[in-house]
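One file, final-v5.cif, carrying mmCIF, C-alpha atoms and all ligand atoms:
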```cif
data_model
loop_
_atom_site.label_atom_id
_atom_site.label_comp_id
_atom_site.auth_asym_id
_atom_site.auth_seq_id
_atom_site.Cartn_x
_atom_site.Cartn_y
_atom_site.Cartn_z
CA MET A 517 -42.00 29.49 40.05
CA LEU A 518 -40.18 29.95 36.75
CA ASP A 519 -41.07 33.65 36.78
CA ASN A 520 -39.65 34.02 40.28
CA LEU A 521 -36.43 32.31 39.25
CA LYS A 522 -36.18 34.60 36.22
CA ILE A 523 -36.55 37.65 38.48
CA MET A 524 -33.89 36.34 40.88
CA TRP A 525 -31.51 35.65 38.00
CA HIS A 526 -32.19 39.10 36.56
CA GLN A 527 -31.49 40.80 39.90
CA GLY A 528 -28.26 38.91 40.47
CA LYS A 529 -26.48 39.19 43.81
CA GLN A 530 -28.17 41.75 46.05
CA PHE A 531 -25.58 41.85 48.79
CA ILE A 532 -22.13 43.39 48.63
CA PRO A 533 -19.78 40.40 48.85
CA ASN A 534 -16.83 42.34 50.27
CA VAL A 535 -17.62 45.46 52.27
CA LYS A 536 -13.92 46.29 52.58
CA THR A 537 -13.20 46.58 48.87
CA ALA A 538 -16.59 47.59 47.43
CA GLU A 539 -16.57 50.58 45.06
CA VAL A 540 -18.93 53.47 45.62
CA PRO A 541 -20.28 55.79 42.89
CA GLY A 542 -18.21 58.83 41.82
CA ILE A 543 -20.74 61.23 43.34
CA PHE A 544 -19.72 60.05 46.82
CA ARG A 545 -17.32 62.28 48.76
CA GLY A 546 -15.05 60.37 51.10
CA ARG A 547 -11.65 61.15 52.58
CA PRO A 548 -10.19 64.35 51.11
CA VAL A 549 -6.62 64.60 49.92
CA ILE A 550 -4.80 67.91 50.25
CA SER A 551 -1.92 68.92 48.01
CA THR A 552 1.06 71.00 49.07
CA VAL A 553 0.30 73.49 46.27
CA ALA A 554 0.19 77.03 47.71
CA VAL A 555 -3.10 78.85 47.21
CA GLU A 556 -3.45 82.57 47.61
CA ASN A 557 -6.39 84.38 49.12
CA PHE A 558 -8.14 81.30 50.41
CA PRO A 559 -11.32 82.82 51.93
CA LYS A 560 -11.38 82.11 55.65
CA ASP A 561 -15.17 81.96 55.74
CA LEU A 562 -15.51 79.58 52.77
CA CYS A 563 -16.07 76.62 55.06
CA PRO A 564 -19.49 76.73 56.75
CA THR A 565 -18.26 74.91 59.85
CA GLY A 566 -14.71 76.25 60.19
CA ALA A 567 -13.31 72.80 59.41
CA ILE A 568 -10.42 74.29 57.45
CA ASN A 569 -7.31 75.52 59.20
CA LEU A 570 -5.08 77.66 56.96
CA ASN A 571 -1.85 77.62 58.92
CA PRO A 572 -0.84 74.90 58.17
CA PHE A 573 -3.62 73.89 55.79
CA SER A 574 -5.75 71.05 57.14
CA ILE A 575 -9.34 69.84 57.18
CA ASP A 576 -10.99 68.52 60.31
CA LEU A 577 -13.29 65.71 59.17
CA GLY A 578 -15.00 65.83 62.54
CA ARG A 579 -16.35 69.24 61.54
CA CYS A 580 -16.51 68.90 57.74
CA THR A 581 -20.00 68.67 56.22
CA PHE A 582 -18.56 67.24 52.97
CA CYS A 583 -20.29 70.04 51.05
CA GLY A 584 -17.37 69.97 48.59
CA GLU A 585 -17.16 73.76 48.30
CA CYS A 586 -13.40 73.87 49.05
CA SER A 587 -12.63 71.34 46.31
CA VAL A 588 -14.85 73.18 43.81
CA CYS A 589 -13.22 76.56 44.52
CA PHE A 590 -9.67 75.23 44.85
CA PRO A 591 -9.45 71.99 42.84
CA GLN A 592 -5.66 72.19 42.83
CA LYS A 593 -5.63 72.12 46.63
CA VAL A 594 -8.40 69.75 47.80
CA LYS A 595 -9.85 66.63 46.21
CA PHE A 596 -12.34 64.25 47.69
CA THR A 597 -11.59 60.60 47.11
CA LYS A 598 -14.07 57.75 47.32
CA ASP A 599 -12.32 56.30 50.36
CA TYR A 600 -15.12 55.54 52.81
CA LYS A 601 -12.84 54.13 55.53
CA LEU A 602 -13.08 57.16 57.77
CA GLY A 603 -13.59 55.53 61.17
CA THR A 604 -11.06 56.01 63.93
CA ASN A 605 -10.78 55.92 67.71
CA CYS A 606 -8.36 58.89 67.73
CA ARG A 607 -9.97 62.28 67.27
CA GLU A 608 -6.70 63.76 65.97
CA GLN A 609 -6.69 61.26 63.05
CA LEU A 610 -9.62 63.17 61.62
CA ILE A 611 -7.39 66.17 60.92
CA ILE A 612 -6.36 65.69 57.30
CA LYS A 613 -3.08 67.41 56.41
CA GLU A 614 -1.29 68.22 53.17
CA SER A 615 0.01 64.93 51.81
CA VAL A 616 0.53 64.95 48.05
CA ALA A 617 2.62 67.17 45.82
CA ASN A 618 0.15 67.36 42.99
CA PHE A 619 -3.01 65.98 41.48
CA THR A 620 -2.47 64.39 38.10
CA ASN A 621 -6.10 64.48 37.00
CA GLU A 622 -9.58 64.63 38.48
CA PHE A 623 -9.34 61.73 40.90
CA ASN A 624 -5.85 60.37 40.47
CA TYR A 625 -2.77 61.43 42.29
CA GLU A 626 0.38 59.73 43.31
CA PHE A 627 -1.11 57.21 45.72
CA GLY A 628 2.31 56.39 47.06
CA ASP A 629 2.54 59.94 48.37
CA ASP A 630 -0.84 59.90 50.04
CA THR A 631 -0.21 59.51 53.76
CA SER A 632 -3.59 60.74 54.91
CA THR A 633 -5.43 57.43 55.34
CA ILE A 634 -7.49 57.17 58.51
CA GLU A 635 -6.99 54.18 60.75
CA ILE A 636 -7.99 52.66 64.06
CA ASP A 637 -5.24 52.63 66.65
CA ARG A 638 -5.64 49.02 67.81
CA GLN A 639 -3.37 49.52 70.80
CA LYS A 640 -5.88 52.00 72.17
CA VAL A 641 -8.91 49.69 71.82
CA ARG A 642 -9.95 48.37 75.22
CA ASN A 643 -9.23 44.64 75.57
CA GLU A 644 -12.77 43.81 76.65
CA ILE A 645 -14.21 45.33 73.47
CA ARG A 646 -12.27 42.96 71.25
CA LYS A 647 -12.68 40.01 73.58
CA ILE A 648 -16.40 40.29 74.29
CA PHE A 649 -17.93 41.99 71.27
CA SER A 650 -16.12 40.52 68.23
CA GLY A 651 -18.69 38.22 66.66
CA SER A 652 -21.69 39.77 68.41
CA LEU A 653 -22.34 43.43 69.04
CA LYS A 654 -25.76 44.86 69.84
CA LEU A 655 -26.19 48.60 69.56
CA ARG A 656 -28.79 51.06 70.73
CA GLN A 657 -29.14 54.08 68.47
CA VAL A 658 -29.98 57.49 69.94
CA SER A 659 -30.92 60.30 67.60
CA ALA A 660 -29.93 63.27 69.75
CA GLY A 661 -31.38 66.03 67.62
CA GLY A 662 -30.46 64.31 64.36
CA ASP A 663 -32.04 65.26 61.03
CA ASN A 664 -32.76 61.67 60.01
CA SER A 665 -29.98 61.53 57.41
CA CYS A 666 -27.47 59.57 59.50
CA GLU A 667 -30.34 57.58 60.98
CA LEU A 668 -31.44 56.56 57.47
CA GLU A 669 -27.93 55.47 56.56
CA LEU A 670 -27.57 53.44 59.75
CA ASN A 671 -30.86 51.81 58.89
CA ALA A 672 -29.54 51.12 55.38
CA SER A 673 -26.47 49.42 56.82
CA ASP A 674 -28.70 46.46 57.66
CA ASN A 675 -30.56 46.30 54.36
CA VAL A 676 -30.08 43.43 51.93
CA GLN A 677 -27.19 45.23 50.22
CA PHE A 678 -24.93 46.15 53.13
CA ASP A 679 -26.21 43.47 55.52
CA ILE A 680 -24.27 44.43 58.64
CA SER A 681 -25.97 41.68 60.64
CA ARG A 682 -23.90 39.09 58.75
CA PHE A 683 -21.08 40.23 61.07
CA GLY A 684 -23.19 39.81 64.19
CA ILE A 685 -23.77 43.57 64.51
CA GLU A 686 -27.37 44.57 65.12
CA PHE A 687 -29.50 47.39 66.47
CA VAL A 688 -31.71 46.58 69.43
CA ALA A 689 -34.75 48.34 70.84
CA SER A 690 -33.68 48.54 74.48
CA PRO A 691 -30.42 49.84 75.98
CA ARG A 692 -30.61 46.97 78.48
CA HIS A 693 -30.06 44.57 75.59
CA ALA A 694 -27.27 46.67 74.08
CA ASP A 695 -23.47 46.62 74.26
CA GLY A 696 -23.13 50.23 73.27
CA VAL A 697 -24.75 53.36 71.99
CA VAL A 698 -24.54 54.95 68.53
CA ILE A 699 -25.20 58.68 68.75
CA THR A 700 -26.38 60.76 65.82
CA GLY A 701 -27.20 64.46 65.84
CA PRO A 702 -25.52 67.37 67.65
CA ILE A 703 -27.13 66.48 71.04
CA THR A 704 -29.81 69.02 71.65
CA LYS A 705 -30.60 70.21 75.16
CA ASN A 706 -33.84 68.28 75.23
CA MET A 707 -32.05 65.04 74.32
CA ALA A 708 -29.06 65.42 76.67
CA THR A 709 -30.71 63.85 79.71
CA ALA A 710 -32.42 61.13 77.66
CA LEU A 711 -29.04 60.20 76.16
CA GLU A 712 -27.42 59.98 79.60
CA ILE A 713 -30.28 57.82 80.91
CA CYS A 714 -30.00 55.52 77.90
CA TYR A 715 -26.23 55.20 78.32
CA ASN A 716 -26.57 54.45 82.05
CA ALA A 717 -29.04 51.67 81.26
CA ILE A 718 -26.49 49.81 79.10
CA PRO A 719 -24.58 47.15 81.08
CA GLU A 720 -20.77 47.32 81.36
CA PRO A 721 -18.59 47.05 79.38
CA LYS A 722 -20.11 49.41 76.86
CA ILE A 723 -18.98 51.44 73.91
CA ILE A 724 -19.83 54.86 72.52
CA ILE A 725 -19.88 55.50 68.79
CA LEU A 726 -20.37 58.97 67.30
CA ALA A 727 -21.89 58.65 63.83
CA GLY A 728 -21.72 61.69 61.58
CA THR A 729 -20.32 65.19 61.74
CA ASP A 730 -23.13 66.54 63.92
CA ALA A 731 -22.44 63.96 66.60
CA ILE A 732 -18.66 64.40 66.48
CA SER A 733 -18.53 68.19 66.68
CA GLY A 734 -22.04 69.62 66.54
CA GLY A 735 -21.55 70.31 62.80
CA ILE A 736 -23.39 73.40 61.61
CA PHE A 737 -25.09 73.59 65.02
CA ALA A 738 -21.81 73.70 66.97
CA ASP A 739 -22.35 77.30 68.13
CA SER A 740 -26.04 76.94 68.84
CA PRO A 741 -27.17 77.63 72.42
CA GLU A 742 -29.72 74.85 71.95
CA ILE A 743 -27.19 72.02 72.09
CA ASP A 744 -25.65 70.46 75.18
CA ARG A 745 -22.40 68.53 74.62
CA THR A 746 -21.76 67.66 78.27
CA PHE A 747 -22.15 63.93 77.52
CA ILE A 748 -19.27 64.02 75.03
CA LYS A 749 -17.04 65.86 77.49
CA ASN A 750 -17.78 63.38 80.29
CA HIS A 751 -17.26 60.10 78.44
CA ASN A 752 -14.54 58.40 76.44
CA ILE A 753 -15.48 57.95 72.81
CA ASP A 754 -14.61 54.57 71.30
CA LEU A 755 -15.25 55.33 67.64
CA TYR A 756 -15.61 58.45 65.50
CA LEU A 757 -17.36 57.97 62.17
CA PRO A 758 -17.29 61.12 60.01
CA GLY A 759 -19.78 61.78 57.23
CA ASN A 760 -22.68 64.02 56.58
CA PRO A 761 -24.43 61.65 56.64
CA VAL A 762 -22.20 58.73 57.52
CA HIS A 763 -22.08 56.12 54.71
CA PRO A 764 -23.11 52.52 55.58
CA LEU A 765 -19.68 51.31 54.42
CA THR A 766 -18.01 53.83 56.74
CA PHE A 767 -20.15 52.56 59.58
CA ILE A 768 -19.54 48.87 58.87
CA ASN A 769 -15.79 49.20 58.28
CA GLY A 770 -15.38 51.39 61.34
CA ILE A 771 -16.98 48.86 63.65
CA LEU A 772 -15.17 45.92 62.06
CA GLY A 773 -11.91 47.81 62.53
CA LEU A 774 -12.72 48.43 66.19
CA LEU A 775 -13.48 44.75 66.79
CA SER A 776 -10.65 43.28 64.72
CA PRO A 777 -7.85 41.39 66.50
CA LEU A 778 -4.54 43.07 67.32
S1 LIG A 801 -16.10 70.19 52.14
FE1 LIG A 801 -15.76 70.32 54.36
S2 LIG A 801 -13.86 71.46 54.57
FE2 LIG A 801 -14.61 71.83 52.49
S3 LIG A 801 -15.83 73.71 52.63
FE3 LIG A 801 -17.25 71.98 52.90
S4 LIG A 801 -17.36 71.67 55.10
FE4 LIG A 801 -15.56 72.93 54.73
#
```

Write the structure described by the file as structure tokens, please.
Amino acid sequence: MLDNLKIMWHQGKQFIPNVKTAEVPGIFRGRPVISTVAVENFPKDLCPTGAINLNPFSIDLGRCTFCGECSVCFPQKVKFTKDYKLGTNCREQLIIKESVANFTNEFNYEFGDDTSTIEIDRQKVRNEIRKIFSGSLKLRQVSAGGDNSCELELNASDNVQFDISRFGIEFVASPRHADGVVITGPITKNMATALEICYNAIPEPKIIILAGTDAISGGIFADSPEIDRTFIKNHNIDLYLPGNPVHPLTFINGILGLLSPL
């Protein structure tokens, strides 16, 4: 008994008390910030997924793999912050534009100038989502050709540290018990029909969440003939969660933002 208490005392608090303000380690790459500094000869093919637009300079987080190559090659132009609040219901919000004049040092810049934060447009959230699902949301996860990275992070979102179920958000085994679907992976041809069947089995009203770059745009598989994105074209997406893979705090904050009152 005493030994167990000693272990518990030694371990301290396992859960993250506040998922909205928690710090993540420096190695994490979250929302990038782009300076207005002009760079010459930026190689067009530097970005493996074509997430960078040069005219005007912007980064599409729906396509970005967060490899960090652009910030390594052009540190005066792009910096990745540790901001994990990347979830939005507006696809265009994922286009990060030039927003600061300069970077003062490795991670600091004039925060007051940074206008590139990503938010949920609450006016666009369907009324029934907020009304019915805040307090209890059951989700069915479909790995549509995923590589297990996003799937692992979604799994981690319910571990003792992140503990998403404290907010009433849980994954369920059957779409008939679910309020929505969380899609990971670029949606391969052989998963396209299965995804549609799963979605159809979920009772109305239902939500669609795209978790990770592959799900949002196809990622590095976007041009592959082996993917079938018809599902995305045919349905309204309620929440985009960038990341490669998506971080548990991105996932949790994104859903809480979607369910929060007006
Ligand atoms: S970090 Fe994103 S935008 Fe930059 S090179 Fe990699 S994929 Fe492209």

Shell around Leu670 in chain A at 12 Å using all atoms listed in the file, local window under 4 positions removed, as a PyMOL selection string | chain A and resi 655-659+664-666+674-675+678-681+685-687+698-700+726-728+757+759+761-768

What are the nearest atom pairs, with distances in Å to one decimal, for all residues of chain A that come at most 10 Å from ligand LIG 801 (chain A), using only C-alpha atoms and all ligand atoms, set out by chain and rising residue number as JSON lines?
```
{"residue": "A:Arg545", "atom": "CA", "partner": "A:LIG801", "partner_atom": "S1", "distance": 8.7}
{"residue": "A:Gly546", "atom": "CA", "partner": "A:LIG801", "partner_atom": "S1", "distance": 9.9}
{"residue": "A:Pro548", "atom": "CA", "partner": "A:LIG801", "partner_atom": "S1", "distance": 8.4}
{"residue": "A:Lys560", "atom": "CA", "partner": "A:LIG801", "partner_atom": "S3", "distance": 10.0}
{"residue": "A:Asp561", "atom": "CA", "partner": "A:LIG801", "partner_atom": "S3", "distance": 8.8}
{"residue": "A:Leu562", "atom": "CA", "partner": "A:LIG801", "partner_atom": "S3", "distance": 5.9}
{"residue": "A:Cys563", "atom": "CA", "partner": "A:LIG801", "partner_atom": "FE4", "distance": 3.7}
{"residue": "A:Pro564", "atom": "CA", "partner": "A:LIG801", "partner_atom": "S4", "distance": 5.7}
{"residue": "A:Thr565", "atom": "CA", "partner": "A:LIG801", "partner_atom": "S4", "distance": 5.8}
{"residue": "A:Gly566", "atom": "CA", "partner": "A:LIG801", "partner_atom": "FE4", "distance": 6.4}
{"residue": "A:Ala567", "atom": "CA", "partner": "A:LIG801", "partner_atom": "S2", "distance": 5.1}
{"residue": "A:Ile568", "atom": "CA", "partner": "A:LIG801", "partner_atom": "S2", "distance": 5.3}
{"residue": "A:Asn569", "atom": "CA", "partner": "A:LIG801", "partner_atom": "S2", "distance": 9.0}
{"residue": "A:Ser574", "atom": "CA", "partner": "A:LIG801", "partner_atom": "S2", "distance": 8.5}
{"residue": "A:Ile575", "atom": "CA", "partner": "A:LIG801", "partner_atom": "S2", "distance": 5.5}
{"residue": "A:Asp576", "atom": "CA", "partner": "A:LIG801", "partner_atom": "S2", "distance": 7.1}
{"residue": "A:Leu577", "atom": "CA", "partner": "A:LIG801", "partner_atom": "FE1", "distance": 7.1}
{"residue": "A:Gly578", "atom": "CA", "partner": "A:LIG801", "partner_atom": "FE1", "distance": 9.4}
{"residue": "A:Arg579", "atom": "CA", "partner": "A:LIG801", "partner_atom": "S4", "distance": 7.0}
{"residue": "A:Cys580", "atom": "CA", "partner": "A:LIG801", "partner_atom": "FE1", "distance": 3.7}
{"residue": "A:Thr581", "atom": "CA", "partner": "A:LIG801", "partner_atom": "S4", "distance": 4.2}
{"residue": "A:Phe582", "atom": "CA", "partner": "A:LIG801", "partner_atom": "S1", "distance": 3.9}
{"residue": "A:Cys583", "atom": "CA", "partner": "A:LIG801", "partner_atom": "FE3", "distance": 4.1}
{"residue": "A:Gly584", "atom": "CA", "partner": "A:LIG801", "partner_atom": "S1", "distance": 3.8}
{"residue": "A:Glu585", "atom": "CA", "partner": "A:LIG801", "partner_atom": "S3", "distance": 4.5}
{"residue": "A:Cys586", "atom": "CA", "partner": "A:LIG801", "partner_atom": "FE2", "distance": 4.2}
{"residue": "A:Ser587", "atom": "CA", "partner": "A:LIG801", "partner_atom": "FE2", "distance": 6.5}
{"residue": "A:Val588", "atom": "CA", "partner": "A:LIG801", "partner_atom": "FE2", "distance": 8.8}
{"residue": "A:Cys589", "atom": "CA", "partner": "A:LIG801", "partner_atom": "S3", "distance": 9.0}
{"residue": "A:Phe590", "atom": "CA", "partner": "A:LIG801", "partner_atom": "FE2", "distance": 9.7}
{"residue": "A:Val594", "atom": "CA", "partner": "A:LIG801", "partner_atom": "FE2", "distance": 8.1}
{"residue": "A:Lys595", "atom": "CA", "partner": "A:LIG801", "partner_atom": "S1", "distance": 9.3}
{"residue": "A:Phe596", "atom": "CA", "partner": "A:LIG801", "partner_atom": "S1", "distance": 8.3}
{"residue": "A:Ile612", "atom": "CA", "partner": "A:LIG801", "partner_atom": "S2", "distance": 9.8}
{"residue": "A:Thr729", "atom": "CA", "partner": "A:LIG801", "partner_atom": "S4", "distance": 9.7}
{"residue": "A:Gly735", "atom": "CA", "partner": "A:LIG801", "partner_atom": "S4", "distance": 8.9}
{"residue": "A:Ile736", "atom": "CA", "partner": "A:LIG801", "partner_atom": "S4", "distance": 9.0}
{"residue": "A:Gly759", "atom": "CA", "partner": "A:LIG801", "partner_atom": "FE1", "distance": 9.9}
{"residue": "A:Asn760", "atom": "CA", "partner": "A:LIG801", "partner_atom": "S4", "distance": 9.4}
```

Please provide the set of residues having any atom within 12 Å of Leu778 in chain A, restricted to all atoms listed in the file, with same-chain residues fewer than 5 positions apart removed, written as a short mmCIF file (atom, residue, chain, number, x, y, z; two decimals) with C-alpha atoms, in the frame of the given file.
```
data_model
loop_
_atom_site.label_atom_id
_atom_site.label_comp_id
_atom_site.auth_asym_id
_atom_site.auth_seq_id
_atom_site.Cartn_x
_atom_site.Cartn_y
_atom_site.Cartn_z
CA ILE A 636 -7.99 52.66 64.06
CA ASP A 637 -5.24 52.63 66.65
CA ARG A 638 -5.64 49.02 67.81
CA GLN A 639 -3.37 49.52 70.80
CA LYS A 640 -5.88 52.00 72.17
CA VAL A 641 -8.91 49.69 71.82
CA ARG A 642 -9.95 48.37 75.22
CA ASN A 643 -9.23 44.64 75.57
CA ILE A 645 -14.21 45.33 73.47
CA ARG A 646 -12.27 42.96 71.25
CA LYS A 647 -12.68 40.01 73.58
CA SER A 650 -16.12 40.52 68.23
CA GLY A 773 -11.91 47.81 62.53
#
```

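Our summary of the geometry notes that CA of Glu669 in chain A is positioned 15.9 Å from CA of Val697 in chain A.
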
Between CA of Phe558 in chain A and CA of Phe619 in chain A, what is the spacing in Å?
->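 Between CA of Phe619 in chain A and CA of Phe558 in chain A the gap is 18.5 Å.
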
Quick one, how far is CA of Glu644 in chain A from CA of Ala672 in chain A?
->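 These two atoms are separated by 28.1 Å.
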
Would you please work out which residue, of A:Glu539, A:Glu614, A:Glu608, A:Glu712, is nearest to Ile634 in chain A when using only C-alpha atoms?
->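 Under the stated criterion, the closest residue is A:Glu608.
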